[in-house]
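Colleague: This is the structure I want to talk about, given as structure tokens.
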Amino acid sequence: MKKKTYLGKLSVLITLLVVILLPLGAQGAKGTQDNISYFSGRVETVEWDTQQVENFEKLNPSIKVEYEFQKDASNVIKVKIASGQVPDISTVVTQDFIDTGLYMDLSDQPFWDRILPSVKDLCTDLKTGKQYKVATNITMGGLFYNKQLFSELGLKDAQNWKEFVANLEAIKRAYPDKTPLFLGGKDSWTLGHLIEFWAHGVAKQQLGIPGSRQAFLDNAVRWDAPNGIMENFAKALLELRDKHLINADAITATYDNQKEAFASGEAAMINQGMWVVGDIIKLNPKMETNIGFGPFPSVVPGLKSMVLCAEDSVYAVSATTQSPDAVFAFLEYLFQPEVQKSFSETRGIPSSFIDVEADWSPIKDDATRLVNSYVNINFSTEAPSGLSVDDTGRLIQKLLHGDYASPAQFAKEYQKIWDSAYATSN
Amino acid sequence: MQPAINKHRFLHPNTGSWHRYMAVPALVLFSLFFLYPLSRGVWTSFTAWDGFSTPKFIGLANYKEFFQDSRALRDIQNTVLFALGSAPLLNIAGLLLALLLNRTFKARTTVRSLLYLPAVISPMIMGSIWYLLLQPRRGLLAILLQQIGYGSTSNWMLSGSSAMIVIVLVNVWQYAGMTMIIYLAGLQAIPIEHYEAAELEGASRGNIFRFIVLPQLTPALKINVITNIIGSLSVFDAILALTDGGPGYDTESLSIYIMRMCYGNKTGYSTAVALILFLIILIPVLFSLQFFNAKEKA
Amino acid sequence: MMKKRDALTYPLYPVVLVIALLALIPFFFLFVLALKNQEGGLSSIRLIPDFNWTNFPNAWKAGDLGKAMMNSIIMTGGGIAVLIVFSAMAGYTIARFPSVLNRIIFAILLACMMIPGIINTVPLYTLLIRLRGINTYWAMIFVMATNALPFSVFLYSSFIRSIPISLEESAIIDGCSWFGAFWRITMPLLGPVTSSVVILQGVGMWNNYAQAVFFLQDKAHRNIPLSISLFFQQYGANWPLMAAAATLGLLPAVLMFIFFQKFFISGITTGSIKG
């Protein structure tokens with residue numbers, strides 16, 4: 001009996017030793033360097049980021065930047081945070097993280113003098129009036145259209161819903177084989193963006209950007225009001241479906257299909273953001289001069305057409321960073337005008353620094369025109385964080401599929417998931 | 001078995017008892033990298049936790065919420081439906097393939113490798129390729145059919161049940177080779193003399209299969225049945241790639257729901273759902289084990 | 001029997017051919033996709049590829065696949081080695097000595113096979129930070145081996161039960177210890193089931209993304225699936241490069257299968273399993 005337990009214990013001990021000693025061997029000696037972690041979810045700039053980190057380290061040999069790119073950044077950062085490992089610099093920022101106090105107050109940083117005031121406003125936390133993130137760029141979203149087709153048929157930016165439907169019908173009449181408005185609904189976030197742009201946009205226009213941000217925070221918008229925003233939105237989409245102005249496979253086509261349909265000329269219009277432009281040109285280089293960019297109409301009568309114009313490429317700094325000096329040295333390097341110029345051109349979106357002149361995209365002129373002529377709306381940063389565009393897009397899949405008895409029922413469902421996400425995060 | 005061992009222990013008292021504790025290292029490894037984290041995970045199932053702020057203990061509230069969660073209940077239905085299609089089909093296909101490829105013919109090794117190939121590639125990539133081929137209206141198959149005059153506007157993705165059939169078939173395509181490998185290992189453990197003896201006595205093919213092959217295949221059958229039950233009830237990648245759980249949530253599985261909740265600010269709730277999924281898997285597995293153990297003893 | 005088989009061989013070929021083609025169709029399109037030009041997109045895929053071979057070197061470079069390949073080989077090899085040692089020993093003991101302890105161990109392992117792994121993610125990550133296992137080979141090796149342990153123990157114990165105990169008993173009568181009997185008599189008979197473990201679990205380790213995404217953060221430790229994920233962008237994916245990378249990443253796994261499947265067959269024919 002004695003021998004038995006002895007041997008049993010011995011094998012436990014040996015295994016434990018192996019398991020414990022291995023990690024010790026893996027530990028290397030650490031120098032006096034400042035190590036900072038830079039966590040990014042931006043796949044388009046992996047090479048750019050790697051290059052910049054290299055350049056920076058050459059200039060600052062005492063600082064080591066551990067750059068980490070993750071495709072599933074929004075998931076990975078949650079696991080990191082849950083384990084108490086907030087990256088020193090992160091490009092993934094949500095309202096929840098700010099509320100939890102994970103990020104450092106950046107209000108006193110010198111770079112704000114160089115950033116467009118409207119972008120600074122969008123970076124301001126409503127609850128505290130401080131800035132916990134900085135956005136180096138602006139992105140825009142709206143309706144991309146085939147320029148050639150529009151000029152051939154004499155079509156112009158729609159100023160209201162009626163004009164929009166008339167435009168689509170004119171395309172349908174002239175080219176029965178083409179899809180007037182193409183949706184890639186299998187990737188449900190593309191449908192979620194319809195809510196984000198077309199429906200949330202109405203509330204933002206009605207209440208103004210600061211007003212709507214506060215209303216979202218307080219859950220004060222009644223989405224399911226009779227004849228309200230969501231009911232009108234559902235009616236509008238069903239009208240497009242019933243008049244065959246969207247593709248018949250709107251629910252099962254993918255984002256790739258959407259891009260390709262537009263690049264090949266099969267689709268006259270798509271609802272997207274600036275991130276789509278580079279891919280379209282890659283698919284069909286001839287499109288470079290043929291991409292028009294216009295506003296989207298209001299689904300509620302009596303309001304102006306809108307364009308999404310929001311902060312992009314954000315950075316936040318951990319509130320508990322061990323080397324704030326190194327962190328800000330790196331940010332200072334990144335925010336230099338010539339570095340930001342190359343970033344803006346790599347991503348194909350405008351910079352929010354007033355001293356950066358970049359040639360960022362073939363739709364630059366259209367973009368400037370839209371910003372000046374239409375109502376600018378922002379991203380719904382203050383919407384409950386549990387409410388993803390992926391989830392809201394699924395409601396539209398169901399709507400187009402005919403799962404709801406009426407537009408009013410769709411509105412009720414939307415209110416329900418909004419409320420439930422709000423309850424979870426408050 | 002037991003008496004025989006005791007007898008030898010008695011005869012050879014010096015052999016020690018090492019051999020009785022050879023599972024302990026595995027247990028230690030498992031405790032550190034699985035059981036310990038698991039215990040922490042189980043604890044979070046009793047908390048309201050968004051994944052980043054401090055968890056709040058709420059007792060059984062997550063479990064209660066589950067039974068009022070219509071999306072979760074719908075997902076159970078989807079998952080069970082998928083498993084009912086996938087697990088039996090995988091076993092049948094795997095066994096038929098193994099029987100076929102256990103024969104001697106030229107290029108047998110190559111064909112085995114080909115059939116196993118689908119299991120080698122990540123299911124996410126393969127699912128995406130299948131979607132390219134099978135996509136309604138735009139997929140390559142649809143286009144080819146159109147060109148030879150069989151154009152159809154039907155859309156399998158629009159109804160939960162037809163989408164589920166496609167998902168099951170793709171999953172069977174991917175993992176039949178894996179099931180086959182286990183059956184082949186089982187078939188090859190049957191001594192050739194057994195066949196020869198039966199041949200000499202003039203047994204029919206059917207009888208050889210029933211009385212010689214099948215009883216010897218029991219361990220392989222047991223492994224396949226159990227792993228296919230577990231695999232099918234935790235289906236994830238095939239659905240994500242083919243339908244993304246849509247339209248709406250009509251083809252979402254419980255595993256996908258757990259993942260979406262876990263990273264969707266309901267981390268505490270997601271662990272509770274994961275443990276419920278564990279129970280859902282446990283029940284059929286226990287039944288199968290009971291069945292096979294009775295068989296092994298008989 | 002042999003004669004009958006030969007008679008059946010001829011009608012067998014068409015059936016086998018159809019099945020083999022069915023298994024290959026998506027791979028054909030993976031290959032077509034890997035040879036596609038960037039222009040035109042997915043909807044322009046047809047049966048005849050574009051033969052844009054540059055996708056392969058481009059994907060190799062952009063995904064740093066050489067490094068990733070080495071990393072995957074080290075981690076999969078290490079994971080498999082750890083797995084086989086631990087699970088063969090455990091499987092043997094559990095099959096031969098159903099003591100209370102061994103039954104409990106088996107029940108725990110079996111039960112954990114059914115627990116969705118996602119539940120462990122956060123606590124395991126926290127643990128590995130404390131053990132300094134992030135961005136190390138050994139942590140991935142142990143974690144992957146641990147995850148594969150239940151199934152492998154199950155596999156070993158099932159097959160060992162089907163091997164007659166009389167072989168070991170006769171060795172013991174000849175003066176061998178049980179432990180010696182396990183290493184000298186039983187282990188050599190486990191060739192086929194070991195190859196099954198290698199084939200079945202090796203693939204899982206080779207394709208590991210669920211753990212790798214959290215535990216391998218720096219570029220130097222990226223495995224194949226993480227490198228492939230570089231071609232999936234936030235919006236959409238670069239399909240041709242992704243397919244080229246996936247095709248290249250597939251090759252070692254296929255070679256591993258072909259190698260072990262030979263062993264898996266010869267293990268049986270040289271083994272002395274007789275009733």
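All residue names refer to the structure tokens as shown: chains lettered A, B, ... in order, residues numbered from 1 in each chain, ligands numbered from 1 in order.
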Would you mind listing, as a PyMOL selection string, all residues of chain C that have at least one atom within 9 Å of chain A, where only C-alpha atoms are what counts?
Modeller: chain C and resi 38-43+62+121-123+125-127+129+131-133+136+138-139+142+213-214+217-219+226+229-237
Colleague: Include C-alpha atoms and write out the residues we just selected as a short mmCIF file (atom, residue, chain, number, x, y, z; two decimals), in the first residue's frame.
Modeller:
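See result_14.cif below for the written result:
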```cif
data_model
loop_
_atom_site.label_atom_id
_atom_site.label_comp_id
_atom_site.auth_asym_id
_atom_site.auth_seq_id
_atom_site.Cartn_x
_atom_site.Cartn_y
_atom_site.Cartn_z
CA GLN C 38 -7.74 39.98 -58.61
CA GLU C 39 -9.90 41.46 -61.33
CA GLY C 40 -13.43 40.23 -61.87
CA GLY C 41 -13.97 38.83 -58.42
CA LEU C 42 -15.62 35.61 -57.35
CA SER C 43 -18.51 35.79 -59.78
CA ALA C 62 2.41 38.44 -47.50
CA THR C 121 -11.19 30.83 -22.91
CA VAL C 122 -10.88 33.66 -20.42
CA PRO C 123 -9.66 31.63 -17.40
CA TYR C 125 -5.83 33.03 -20.96
CA THR C 126 -5.44 34.39 -17.45
CA LEU C 127 -3.64 31.22 -16.40
CA ILE C 129 -0.38 34.98 -18.55
CA LEU C 131 2.59 30.99 -16.35
CA ARG C 132 4.16 33.31 -18.94
CA GLY C 133 2.87 31.09 -21.69
CA THR C 136 5.43 30.45 -26.48
CA TRP C 138 5.17 25.09 -25.06
CA ALA C 139 1.92 26.65 -23.93
CA PHE C 142 0.26 21.66 -23.77
CA VAL C 213 -5.80 33.57 -31.88
CA PHE C 214 -5.47 34.31 -28.16
CA GLN C 217 0.02 37.25 -30.54
CA ASP C 218 3.30 38.23 -32.09
CA LYS C 219 4.21 37.83 -35.72
CA LEU C 226 -3.48 32.84 -38.23
CA SER C 229 -6.68 34.92 -41.47
CA LEU C 230 -4.58 37.88 -42.63
CA PHE C 231 -6.31 37.59 -45.98
CA PHE C 232 -9.74 38.02 -44.42
CA GLN C 233 -10.25 41.72 -44.02
CA GLN C 234 -12.61 43.60 -41.82
CA TYR C 235 -14.85 44.03 -44.84
CA GLY C 236 -14.65 41.04 -47.18
CA ALA C 237 -11.61 38.93 -48.04
#
```
Colleague: What lies within 10 Å of Leu277 in chain B using only C-alpha atoms, ignoring chain neighbours under 4 positions off, as a VMD selection string?
Modeller: (chain B and resid 76 79 233 to 234 254 to 255 258 271 to 273 281 to 282) or (chain C and resid 114 to 116)
Colleague: Keeping only C-alpha atoms, write those residues as a PDB file, in the first residue's frame.
Modeller:
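Printed below is selection.pdb as written:
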```pdb
ATOM      1  CA  ILE B  76     -31.651  24.019 -29.564  1.00  0.00           C
ATOM      2  CA  THR B  79     -28.952  21.984 -33.323  1.00  0.00           C
ATOM      3  CA  LEU B 233     -24.412  18.798 -31.422  1.00  0.00           C
ATOM      4  CA  SER B 234     -21.593  21.313 -31.256  1.00  0.00           C
ATOM      5  CA  LEU B 254     -26.343  26.687 -29.948  1.00  0.00           C
ATOM      6  CA  SER B 255     -22.536  26.814 -30.265  1.00  0.00           C
ATOM      7  CA  ILE B 258     -22.736  30.839 -27.214  1.00  0.00           C
ATOM      8  CA  THR B 271     -21.107  30.173 -19.987  1.00  0.00           C
ATOM      9  CA  ALA B 272     -24.471  29.130 -18.550  1.00  0.00           C
ATOM     10  CA  VAL B 273     -25.703  28.282 -22.056  1.00  0.00           C
ATOM     11  CA  ILE B 281     -24.839  16.419 -25.393  1.00  0.00           C
ATOM     12  CA  LEU B 282     -24.395  14.306 -22.270  1.00  0.00           C
TER      13      LEU B 282
ATOM     14  CA  MET C 114     -18.653  17.350 -24.309  1.00  0.00           C
ATOM     15  CA  ILE C 115     -17.963  20.718 -22.722  1.00  0.00           C
ATOM     16  CA  PRO C 116     -17.836  23.568 -25.218  1.00  0.00           C
TER      17      PRO C 116
END
```
Colleague: Within range 77-313 of chain A, find each residue whose DSSP state, derived from the backbone, is helix (DSSP H, G or I), and express the selection as an MDAnalysis selection string.
Modeller: chainID A and resid 77:82 95:99 110:114 117:122 147:153 161:174 188:207 209:217 229:242 255:264 276:283 285:289
Colleague: Compile the residues of chain B that lie within 7 Å of chain C, evaluated using only C-alpha atoms, and express the compilation as a ChimeraX atom specification.
Modeller: /B:15,18-20,22-23,25-27,29-30,33,37-38,40-41,103,105,111,113-115,118,120-122,129-130,185,188-189,191,196,199,219,223,230,271,274-275,278,281-282
Colleague: Residues of the last selection are to be written out with N, CA and C atoms, as a short mmCIF file (atom, residue, chain, number, x, y, z; two decimals), in the first residue's frame.
Modeller:
```cif
data_model
loop_
_atom_site.label_atom_id
_atom_site.label_comp_id
_atom_site.auth_asym_id
_atom_site.auth_seq_id
_atom_site.Cartn_x
_atom_site.Cartn_y
_atom_site.Cartn_z
N THR B 15 6.73 -6.58 -9.06
CA THR B 15 6.49 -5.79 -10.27
C THR B 15 6.00 -4.39 -9.95
N TRP B 18 3.20 0.69 -10.57
CA TRP B 18 3.33 1.75 -11.56
C TRP B 18 2.16 1.79 -12.53
N HIS B 19 1.95 0.59 -13.05
CA HIS B 19 0.99 0.45 -14.14
C HIS B 19 -0.41 0.91 -13.75
N ARG B 20 -0.71 0.91 -12.45
CA ARG B 20 -2.06 1.31 -12.04
C ARG B 20 -2.21 2.82 -12.04
N MET B 22 -0.75 4.95 -14.32
CA MET B 22 -0.29 5.56 -15.56
C MET B 22 -1.27 6.60 -16.11
N ALA B 23 -2.47 6.69 -15.54
CA ALA B 23 -3.41 7.72 -16.00
C ALA B 23 -3.22 9.02 -15.22
N PRO B 25 -0.53 11.10 -14.80
CA PRO B 25 0.05 12.25 -15.51
C PRO B 25 -0.97 12.95 -16.42
N ALA B 26 -1.78 12.14 -17.09
CA ALA B 26 -2.80 12.73 -17.96
C ALA B 26 -3.76 13.57 -17.12
N LEU B 27 -4.09 13.05 -15.95
CA LEU B 27 -5.03 13.78 -15.09
C LEU B 27 -4.43 15.11 -14.65
N LEU B 29 -2.07 16.94 -16.17
CA LEU B 29 -2.07 17.84 -17.31
C LEU B 29 -3.47 18.41 -17.53
N PHE B 30 -4.42 17.51 -17.48
CA PHE B 30 -5.80 17.89 -17.76
C PHE B 30 -6.33 18.84 -16.68
N PHE B 33 -4.71 22.47 -17.33
CA PHE B 33 -5.09 23.23 -18.52
C PHE B 33 -6.56 23.09 -18.90
N PRO B 37 -9.28 25.91 -15.39
CA PRO B 37 -10.00 26.99 -16.07
C PRO B 37 -11.51 26.73 -16.13
N LEU B 38 -11.87 25.46 -16.27
CA LEU B 38 -13.29 25.13 -16.36
C LEU B 38 -14.01 25.56 -15.08
N ARG B 40 -13.33 27.89 -13.12
CA ARG B 40 -13.54 29.34 -13.14
C ARG B 40 -14.68 29.71 -14.09
N GLY B 41 -14.72 28.99 -15.22
CA GLY B 41 -15.77 29.24 -16.20
C GLY B 41 -17.14 28.91 -15.63
N ARG B 103 -11.31 -3.30 -49.24
CA ARG B 103 -11.01 -4.31 -50.26
C ARG B 103 -9.67 -3.99 -50.90
N PHE B 105 -7.62 -3.22 -54.00
CA PHE B 105 -7.64 -2.84 -55.41
C PHE B 105 -6.54 -1.83 -55.62
N VAL B 111 -6.93 6.55 -52.93
CA VAL B 111 -8.34 6.88 -52.76
C VAL B 111 -8.65 7.17 -51.30
N SER B 113 -6.65 8.43 -49.15
CA SER B 113 -6.14 9.77 -48.85
C SER B 113 -7.07 10.83 -49.40
N LEU B 114 -7.57 10.62 -50.62
CA LEU B 114 -8.47 11.59 -51.22
C LEU B 114 -9.72 11.77 -50.36
N LEU B 115 -10.26 10.65 -49.88
CA LEU B 115 -11.49 10.74 -49.11
C LEU B 115 -11.26 11.41 -47.77
N PRO B 118 -10.90 16.08 -47.30
CA PRO B 118 -11.81 17.12 -46.81
C PRO B 118 -11.66 17.41 -45.32
N VAL B 120 -8.99 17.40 -43.68
CA VAL B 120 -7.70 18.01 -43.38
C VAL B 120 -7.76 19.54 -43.42
N ILE B 121 -8.63 20.06 -44.26
CA ILE B 121 -8.66 21.51 -44.42
C ILE B 121 -9.61 22.12 -43.40
N SER B 122 -9.35 23.36 -43.04
CA SER B 122 -10.19 23.97 -42.01
C SER B 122 -11.63 24.11 -42.54
N ILE B 129 -15.81 27.78 -49.68
CA ILE B 129 -15.74 27.27 -51.05
C ILE B 129 -17.09 26.64 -51.45
N TRP B 130 -17.65 25.87 -50.55
CA TRP B 130 -18.96 25.27 -50.85
C TRP B 130 -20.00 26.36 -51.10
N ALA B 185 -9.65 1.30 -39.20
CA ALA B 185 -8.79 0.79 -38.15
C ALA B 185 -9.45 -0.41 -37.49
N GLN B 188 -9.46 -3.48 -39.86
CA GLN B 188 -8.16 -4.11 -40.03
C GLN B 188 -7.71 -4.86 -38.80
N ALA B 189 -8.39 -4.62 -37.68
CA ALA B 189 -8.06 -5.37 -36.48
C ALA B 189 -8.70 -6.76 -36.52
N PRO B 191 -8.72 -10.33 -37.67
CA PRO B 191 -7.75 -11.23 -38.27
C PRO B 191 -8.31 -11.88 -39.54
N GLU B 196 -11.37 -16.30 -43.40
CA GLU B 196 -11.08 -17.55 -44.11
C GLU B 196 -11.86 -18.72 -43.52
N GLU B 199 -15.33 -18.41 -44.65
CA GLU B 199 -15.40 -18.77 -46.06
C GLU B 199 -15.48 -20.29 -46.23
N PRO B 219 -15.85 -1.56 -31.00
CA PRO B 219 -15.12 -0.40 -30.48
C PRO B 219 -15.11 0.79 -31.44
N ILE B 223 -16.79 4.52 -30.81
CA ILE B 223 -16.07 5.78 -30.94
C ILE B 223 -16.75 6.70 -31.94
N ILE B 230 -21.28 14.10 -30.38
CA ILE B 230 -20.68 15.30 -29.79
C ILE B 230 -20.42 16.35 -30.88
N THR B 271 -21.66 31.36 -20.64
CA THR B 271 -21.11 30.17 -19.99
C THR B 271 -22.23 29.29 -19.45
N ALA B 274 -23.44 27.40 -22.34
CA ALA B 274 -22.47 26.36 -22.69
C ALA B 274 -22.67 25.13 -21.80
N LEU B 275 -22.95 25.36 -20.52
CA LEU B 275 -23.15 24.21 -19.64
C LEU B 275 -24.46 23.49 -19.94
N PHE B 278 -23.75 21.32 -22.75
CA PHE B 278 -23.06 20.14 -22.23
C PHE B 278 -24.08 19.07 -21.81
N ILE B 281 -25.70 17.41 -24.75
CA ILE B 281 -24.84 16.42 -25.39
C ILE B 281 -24.72 15.18 -24.52
N LEU B 282 -24.65 15.40 -23.21
CA LEU B 282 -24.39 14.31 -22.27
C LEU B 282 -25.47 13.22 -22.36
#
```
Colleague: For the interface of chain B with chain A (cut-off 6 Å, counting only C-alpha atoms), please tabulate each contacting residue of chain B alongside its nearest pair of atoms and their separation in Å to one decimal, rows sorted by chain and increasing number, as JSON lines.
Modeller:
```
{"residue": "B:Ser17", "atom": "CA", "partner": "A:Lys4", "partner_atom": "CA", "distance": 5.9}
{"residue": "B:Tyr21", "atom": "CA", "partner": "A:Gly8", "partner_atom": "CA", "distance": 5.9}
{"residue": "B:Pro25", "atom": "CA", "partner": "A:Thr15", "partner_atom": "CA", "distance": 6.0}
{"residue": "B:Gly51", "atom": "CA", "partner": "A:Ala82", "partner_atom": "CA", "distance": 5.7}
{"residue": "B:Phe52", "atom": "CA", "partner": "A:Ala82", "partner_atom": "CA", "distance": 5.0}
{"residue": "B:Pro247", "atom": "CA", "partner": "A:Gln397", "partner_atom": "CA", "distance": 5.8}
{"residue": "B:Gly248", "atom": "CA", "partner": "A:Arg394", "partner_atom": "CA", "distance": 4.6}
{"residue": "B:Tyr263", "atom": "CA", "partner": "A:Asn75", "partner_atom": "CA", "distance": 5.7}
{"residue": "B:Gly264", "atom": "CA", "partner": "A:Gly386", "partner_atom": "CA", "distance": 5.4}
{"residue": "B:Asn265", "atom": "CA", "partner": "A:Gly386", "partner_atom": "CA", "distance": 5.8}
```
Colleague: Would you output that residue set with all heavy atoms, as a JSON list (two decimals), in the first residue's frame?
Modeller:
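Now in out_25.json:
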```json
[["chain", "number", "residue", "atom", "x", "y", "z"],
["B", 17, "SER", "N", 3.44, -1.19, -8.65],
["B", 17, "SER", "CA", 2.08, -0.84, -9.08],
["B", 17, "SER", "C", 2.08, 0.39, -9.96],
["B", 17, "SER", "O", 1.09, 1.09, -10.08],
["B", 17, "SER", "CB", 1.19, -0.62, -7.87],
["B", 17, "SER", "OG", 1.79, 0.34, -7.02],
["B", 21, "TYR", "N", -1.11, 3.53, -12.07],
["B", 21, "TYR", "CA", -1.19, 4.99, -11.96],
["B", 21, "TYR", "C", -0.78, 5.70, -13.24],
["B", 21, "TYR", "O", -0.46, 6.88, -13.23],
["B", 21, "TYR", "CB", -0.33, 5.47, -10.78],
["B", 21, "TYR", "CG", -0.89, 4.97, -9.49],
["B", 21, "TYR", "CD1", -0.42, 3.80, -8.90],
["B", 21, "TYR", "CD2", -1.98, 5.63, -8.90],
["B", 21, "TYR", "CE1", -0.98, 3.33, -7.75],
["B", 21, "TYR", "CE2", -2.54, 5.15, -7.75],
["B", 21, "TYR", "CZ", -2.04, 4.00, -7.16],
["B", 21, "TYR", "OH", -2.61, 3.52, -6.04],
["B", 25, "PRO", "N", -0.53, 11.10, -14.80],
["B", 25, "PRO", "CA", 0.05, 12.25, -15.51],
["B", 25, "PRO", "C", -0.97, 12.95, -16.42],
["B", 25, "PRO", "O", -1.03, 14.18, -16.45],
["B", 25, "PRO", "CB", 1.17, 11.62, -16.35],
["B", 25, "PRO", "CG", 1.50, 10.35, -15.66],
["B", 25, "PRO", "CD", 0.26, 9.88, -14.99],
["B", 51, "GLY", "N", -17.84, 40.70, -19.48],
["B", 51, "GLY", "CA", -16.54, 40.35, -20.02],
["B", 51, "GLY", "C", -15.46, 41.33, -19.65],
["B", 51, "GLY", "O", -14.29, 41.03, -19.81],
["B", 52, "PHE", "N", -15.82, 42.52, -19.15],
["B", 52, "PHE", "CA", -14.73, 43.44, -18.79],
["B", 52, "PHE", "C", -14.91, 44.08, -17.41],
["B", 52, "PHE", "O", -13.93, 44.32, -16.75],
["B", 52, "PHE", "CB", -14.54, 44.52, -19.88],
["B", 52, "PHE", "CG", -15.79, 45.10, -20.42],
["B", 52, "PHE", "CD1", -16.38, 46.18, -19.82],
["B", 52, "PHE", "CD2", -16.39, 44.53, -21.55],
["B", 52, "PHE", "CE1", -17.55, 46.70, -20.33],
["B", 52, "PHE", "CE2", -17.56, 45.06, -22.06],
["B", 52, "PHE", "CZ", -18.14, 46.15, -21.45],
["B", 247, "PRO", "N", -31.51, 32.61, -42.71],
["B", 247, "PRO", "CA", -31.99, 34.00, -42.54],
["B", 247, "PRO", "C", -32.50, 34.25, -41.12],
["B", 247, "PRO", "O", -33.07, 33.35, -40.53],
["B", 247, "PRO", "CB", -33.14, 34.08, -43.55],
["B", 247, "PRO", "CG", -33.58, 32.68, -43.79],
["B", 247, "PRO", "CD", -32.38, 31.82, -43.60],
["B", 248, "GLY", "N", -32.30, 35.43, -40.63],
["B", 248, "GLY", "CA", -32.61, 35.71, -39.22],
["B", 248, "GLY", "C", -31.74, 34.80, -38.37],
["B", 248, "GLY", "O", -30.52, 34.81, -38.52],
["B", 263, "TYR", "N", -18.93, 37.10, -26.76],
["B", 263, "TYR", "CA", -18.26, 38.33, -27.18],
["B", 263, "TYR", "C", -19.24, 39.47, -27.36],
["B", 263, "TYR", "O", -18.88, 40.53, -27.82],
["B", 263, "TYR", "CB", -17.46, 38.09, -28.47],
["B", 263, "TYR", "CG", -16.41, 37.03, -28.25],
["B", 263, "TYR", "CD1", -16.42, 35.85, -28.98],
["B", 263, "TYR", "CD2", -15.44, 37.19, -27.27],
["B", 263, "TYR", "CE1", -15.48, 34.87, -28.76],
["B", 263, "TYR", "CE2", -14.50, 36.22, -27.04],
["B", 263, "TYR", "CZ", -14.52, 35.06, -27.79],
["B", 263, "TYR", "OH", -13.59, 34.09, -27.55],
["B", 264, "GLY", "N", -20.52, 39.23, -27.05],
["B", 264, "GLY", "CA", -21.54, 40.27, -27.22],
["B", 264, "GLY", "C", -21.99, 40.81, -25.88],
["B", 264, "GLY", "O", -23.17, 41.05, -25.67],
["B", 265, "ASN", "N", -21.07, 40.93, -24.95],
["B", 265, "ASN", "CA", -21.35, 41.53, -23.65],
["B", 265, "ASN", "C", -22.22, 40.67, -22.74],
["B", 265, "ASN", "O", -22.77, 41.16, -21.77],
["B", 265, "ASN", "CB", -22.01, 42.91, -23.81],
["B", 265, "ASN", "CG", -21.01, 43.94, -24.26],
["B", 265, "ASN", "OD1", -19.89, 43.58, -24.63],
["B", 265, "ASN", "ND2", -21.39, 45.19, -24.22]]
```
Colleague: DSSP says strand (DSSP E) for which residues of range 9-135 of chain B? Put them as a list in words?
Modeller: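 Output for range 9-135 of chain B, strand (DSSP E) only: Thr47, Ala48, Lys56 and Phe57 of chain B.
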Colleague: Store the residues picked out above, limited to all heavy atoms, as a compact mmCIF listing (two decimals), in the first residue's frame.
Modeller:
```txt
# COMPACT_ATOMS: atom_id res chain seq x y z
N THR B 47 -22.91 34.36 -12.73
CA THR B 47 -22.72 35.80 -12.58
C THR B 47 -23.29 36.55 -13.78
O THR B 47 -23.47 35.98 -14.85
CB THR B 47 -21.23 36.18 -12.51
OG1 THR B 47 -20.62 35.84 -13.75
CG2 THR B 47 -20.51 35.47 -11.40
N ALA B 48 -23.60 37.82 -13.53
CA ALA B 48 -23.89 38.73 -14.65
C ALA B 48 -22.56 39.37 -14.99
O ALA B 48 -21.98 40.07 -14.16
CB ALA B 48 -24.92 39.77 -14.23
N LYS B 56 -20.96 40.15 -11.28
CA LYS B 56 -21.88 40.19 -10.13
C LYS B 56 -22.51 38.82 -9.97
O LYS B 56 -23.04 38.26 -10.93
CB LYS B 56 -23.01 41.20 -10.40
CG LYS B 56 -22.67 42.61 -9.98
CD LYS B 56 -23.89 43.52 -10.02
CE LYS B 56 -24.48 43.78 -11.38
NZ LYS B 56 -23.96 44.79 -12.22
N PHE B 57 -22.49 38.28 -8.75
CA PHE B 57 -23.10 36.97 -8.52
C PHE B 57 -24.62 37.09 -8.57
O PHE B 57 -25.21 37.92 -7.90
CB PHE B 57 -22.67 36.43 -7.15
CG PHE B 57 -23.16 35.04 -6.90
CD1 PHE B 57 -22.50 33.95 -7.46
CD2 PHE B 57 -24.29 34.82 -6.12
CE1 PHE B 57 -22.97 32.66 -7.24
CE2 PHE B 57 -24.76 33.53 -5.91
CZ PHE B 57 -24.09 32.45 -6.47
```
Colleague: In Å, how far is it from CA of Glu296 in chain B to CA of Phe260 in chain C?
Modeller: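 About the pair CA of Glu296 in chain B and CA of Phe260 in chain C: they are 29.3 Å apart.
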Colleague: Give me, please, the distance in Å between CA of Gly278 in chain A and CA of Ser361 in chain A, quoted to one decimal.
Modeller: 8.3 Å
Colleague: CA of Trp173 in chain B and CA of Val235 in chain B, how far apart in Å?
Modeller: 14.1 Å
Colleague: Do you know which residues are at most 6 Å from Lys235 in chain A counting only C-alpha atoms, after dropping those on the same chain fewer than 3 positions away, and could you put them as a list in words?
Modeller: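 Here the qualifying residues turn out to be Asn232, Leu238 and Pro407 of chain A.
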